[in-house]
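Right, one structure below, let's go through it.
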Amino acid sequence: MTKADIGLIGLGVMGANLALNIAEKGFRIAVFNRTTARTREFVEEAGPLADNIVPCETLEALVDAIGAPRPIILMVPAGPAVDEQIAALDPLLARDDIIIDAGNANFRDTRRRMEALAKTGPRFIGMGVSGGEEGARHGPSIMVGGPQDSYRRIEPVLEAIAARYKGEACQAWLGPDGAGHFVKTIHNGIEYADMQMIAEIYGILRDGHGLSAQEIAPIFARWNEGRLNSYLVEITGAVLTAIDMDTGKPIVDVILDRAGQKGTGRWSAIEAQSLGVPATAIEAAVAARSLSAMKAERESAEKRFGIRVPSAGKPGESALADLEAALFAGKIVAYAQGFSVMAAASREFGWNLPLGTVARIWRAGCIIRSQFLGEIADAFDKAPETENLLMTSAFSAFMETAHPHLRRVVAQSAEAGLPAPSLSAALAHFDTFRRARGTANLIQAQRDFFGAHGFERVDREGNHHGNWNRG
Ligand code: 6PG
């Protein structure tokens with residue numbers, strides 16, 4: 001029998017859709033699932049694509065079915081399941097075979113796995129895949145990290161299955177070791193900030209202006225036609241129009257205000273902190289999810305403190321223009337922070353991350369896909385060494401016109417008692433960043449006062465101490 005081009009382990013939603021995508025593009029794919037019944041069911045459901053699928057009931061059969069060097073995609077839950085799968089495959093594989101972890105792994109785990117396998121095992125690739133179920137089936141954005149020669153072996157498959165932006169495939173090798181999973185983690189951190197800021201604007205419209213879900217939906221739909229054009233704004237409009245079959249109410253009104261999280265947003269914030277890069281708009285979004293989960297505490301707090309939001313009435317065109325521009329300005333800061341985290345990680349780990357390419361492969365397929373990413377890609381094309389988007393000519397000009405709106409929205413929300421943590425964090429970041437003389441002179445003085453930590457002076461070199469007149 002003709003050998004398969006590639007293998008895949010894990011026929012859950014993402015794995016099954018990715019396998020169908022691969023089969024549809026004319027590649028022969030061998031598949032294995034822990035429960036054999038699922039493998040059989042998958043092949044039955046594959047219709048004519050089953051001709052390109054080789055169902056395998058054991059790992060040995062899977063390995064045997066693939067042409068060497070064998071690439072095998074793991075689409076199993078991130079964490080111990082990946083280690084277990086690697087341990088089971090390792091003895092069956094040759095040195096130049098390639099295990100590809102396509103889950104949302106922590107890049108530190110990816111580095112550890114790569115290092116462990118480097119001694120005696122097969123090659124290892126950490127591959128970020130974004131786009132959810134739809135993306136996996138019809139074209140995800142794919143972020144690859146690991147040995148470049150192993151990437152070359154799978155490049156034709158990735159090139160064929162990835163989303164396309166004006167004909168260009170949204171997949172790339174981004175660097176060695178954990179680079180691919182790191183970039184996917186930051187993608188998700190930005191996704192958190194994007195979603196949180198949209199939710200904050202929704203909250204202002206719902207609780208400040210008293211609009212119903214159906215009244216808010218067309219606002220997002222209209223914004224999606226302009227500079228906020230993006231998948232997340234588009235689906236927000238769609239989500240807000242959907243009706244719950246059981247109650248006849250807008251479905252968002254019957255969904256509990258408690259959001260889950262699987263870890264990638266949190267890892268973005270952790271990595272930003274450990275690299276010493278401010279990513280406050282992202283951090284605020286992660287914290288907002290955690291606070292959302294504290295439903296019972298929030299209910300008690302509302303009883304204790306009450307909420308008195310003055311009604312702002314229906315929003316006029318200028319209020320809507322403020323909200324639209326505030327969302328745009330907040331988004332600029334969140335993306336600038338995310339890209340700065342990637343720039344710092346690239347330096348720290350010696351990855352040489354191509355940030356322009358990252359922006360380019362995010363233009364289609366992934367959850368944060370948007371027109372805006374095209375503008376980011378252009379900014380990096382013009383200035384490839386850019387480490388801070390806020391300082392590029394395009395984004396500094398956008399920010400110059402948008403920040404007064406962000407300021408108004410944040411100020412009015414604070415005054416009304418409406419939470420806007422991610423938008424506020426973005427504004428605070430901008431205001432702190434653009435101030436040449438900040439207030440850390442006082443922090444330095446305090447540190448020297450209580451701990452003799454020393455400080456630098458504005459008028460001479462060296463490390464100095466104050467004469468603090470302690471009496
Ligand atoms: C993607 C998404 C995806 C992620 C979900 C849920 O790029 O396709 O980021 O990878 O798993 O968005 O993430 P949370 O459960 O952390 O919200």
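Chain labels A, B, ... are given in the sequence in which chains occur in the structure tokens; within each chain residues are numbered consecutively from 1, and ligands are likewise numbered from 1 in the order shown.
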Please check which protein, DNA or RNA residues sit within 8 Å of ligand 1, counting only C-alpha atoms and all ligand atoms, and write them as number ranges by chain. A: 103-104, 129-133, 135, 184, 187-188, 191-192, 259-265, 366-368
File of the preceding selection, C-alpha atoms, as a short mmCIF file (atom, residue, chain, number, x, y, z; two decimals), in the first residue's frame:
```cif
data_model
loop_
_atom_site.label_atom_id
_atom_site.label_comp_id
_atom_site.auth_asym_id
_atom_site.auth_seq_id
_atom_site.Cartn_x
_atom_site.Cartn_y
_atom_site.Cartn_z
CA GLY A 103 -1.79 21.60 20.77
CA ASN A 104 -1.68 24.77 22.88
CA VAL A 129 -2.56 26.17 15.28
CA SER A 130 -5.22 28.85 15.48
CA GLY A 131 -8.69 29.13 14.07
CA GLY A 132 -10.81 26.76 16.10
CA GLU A 133 -12.80 23.97 14.52
CA GLY A 135 -9.99 26.92 10.89
CA LYS A 184 0.74 31.02 19.68
CA HIS A 187 -1.59 35.25 19.95
CA ASN A 188 -3.93 33.98 22.64
CA GLU A 191 -7.02 37.33 21.79
CA TYR A 192 -7.89 37.70 25.49
CA ALA A 259 -15.64 32.83 31.50
CA GLY A 260 -13.30 29.87 31.42
CA GLN A 261 -9.65 29.86 30.49
CA LYS A 262 -7.29 27.09 29.55
CA GLY A 263 -3.98 28.79 30.37
CA THR A 264 -2.50 30.47 27.32
CA GLY A 265 -3.69 33.96 28.35
CA CYS A 366 -6.60 32.68 13.26
CA ILE A 367 -9.03 34.00 15.87
CA ILE A 368 -7.52 37.52 15.93
#
```
Write down as an MDAnalysis selection string the residues of stretch 89-290 of chain A whose backbone DSSP state falls under strand (DSSP E). chainID A and resid 98:101 123:130 141:145 164:165 168:169 171:175
Selection to disk with C-alpha atoms, as an mmCIF file, in the first residue's frame:
```cif
data_model
loop_
_atom_site.group_PDB
_atom_site.id
_atom_site.type_symbol
_atom_site.label_atom_id
_atom_site.label_comp_id
_atom_site.auth_asym_id
_atom_site.auth_seq_id
_atom_site.Cartn_x
_atom_site.Cartn_y
_atom_site.Cartn_z
ATOM 1 C CA ILE A 98 9.254 14.080 13.517
ATOM 2 C CA ILE A 99 6.760 14.426 16.344
ATOM 3 C CA ILE A 100 4.715 17.595 15.881
ATOM 4 C CA ASP A 101 2.823 18.863 18.916
ATOM 5 C CA ARG A 123 12.857 15.330 16.070
ATOM 6 C CA PHE A 124 10.289 17.514 17.773
ATOM 7 C CA ILE A 125 8.294 20.441 16.448
ATOM 8 C CA GLY A 126 6.040 22.734 18.491
ATOM 9 C CA MET A 127 3.318 23.997 16.213
ATOM 10 C CA GLY A 128 0.709 26.582 17.155
ATOM 11 C CA VAL A 129 -2.564 26.172 15.280
ATOM 12 C CA SER A 130 -5.223 28.846 15.476
ATOM 13 C CA SER A 141 -3.017 29.959 10.841
ATOM 14 C CA ILE A 142 0.025 27.832 11.635
ATOM 15 C CA MET A 143 3.028 28.917 13.717
ATOM 16 C CA VAL A 144 5.954 26.500 13.607
ATOM 17 C CA GLY A 145 8.961 26.256 15.922
ATOM 18 C CA ARG A 164 -4.806 32.046 2.636
ATOM 19 C CA TYR A 165 -4.547 35.805 2.689
ATOM 20 C CA GLU A 168 -0.401 33.744 0.594
ATOM 21 C CA ALA A 169 -0.483 30.758 2.973
ATOM 22 C CA GLN A 171 1.922 29.349 7.897
ATOM 23 C CA ALA A 172 5.584 29.845 8.632
ATOM 24 C CA TRP A 173 8.608 28.496 10.409
ATOM 25 C CA LEU A 174 9.226 31.167 13.021
ATOM 26 C CA GLY A 175 12.350 29.938 14.742
#
```
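Here the question is which of A:Glu234, A:Leu355, A:Pro156, A:Phe182 gets nearest to A:Thr386 using only C-alpha atoms, and that residue is A:Leu355.
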Quick one: of A:Gly15, A:Gly438, A:Gly466, A:Gly210, who's nearest to A:Phe450, counting only C-alpha atoms?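 Closest to A:Phe450, using only C-alpha atoms: A:Gly466.
Remark: for A:Glu115, the closest of the candidate residues A:Asp177, A:Asn21, A:Pro310, A:Ala61 is A:Asp177 (distances computed over only C-alpha atoms).
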Could you list, as a count of residues only, every residue within 12 Å of A:Gly226, counting only C-alpha atoms and ignoring same-chain residues fewer than 6 positions away? 11
Within 7 Å of stretch 409-416 of chain A, counting only C-alpha atoms, which residues show up once you throw out same-chain ones fewer than 6 positions away? Write them as a list of chain:residue names, please. A:Val309, A:Pro310, A:Asp322, A:Leu323, A:Ala326, A:Leu423, A:Ser424
Can you tell me, as a PyMOL selection string, what residues are no more than 9 Å from A:Glu348 when counting only C-alpha atoms, ignoring any on the same chain fewer than 4 positions away? chain A and resi 275+343-344
Have a look at A:Ser150, A:His464, A:Ala116, A:Phe32 and name the one nearest to A:Phe449; count only C-alpha atoms.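 So, comparing all the options, the nearest one is A:His464.
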Mind checking DSSP for stretch 321-453 of chain A and telling me the alpha helix (DSSP H) residues as a VMD selection string? chain A and resid 321 to 349 355 to 361 371 to 382 393 to 416 421 to 433 440 to 451
Got a sec: who's within 12 Å of A:Ala37, counting only C-alpha atoms, leaving out chain neighbours fewer than 6 positions off, as a PyMOL selection string? chain A and resi 11+43-44+55-57
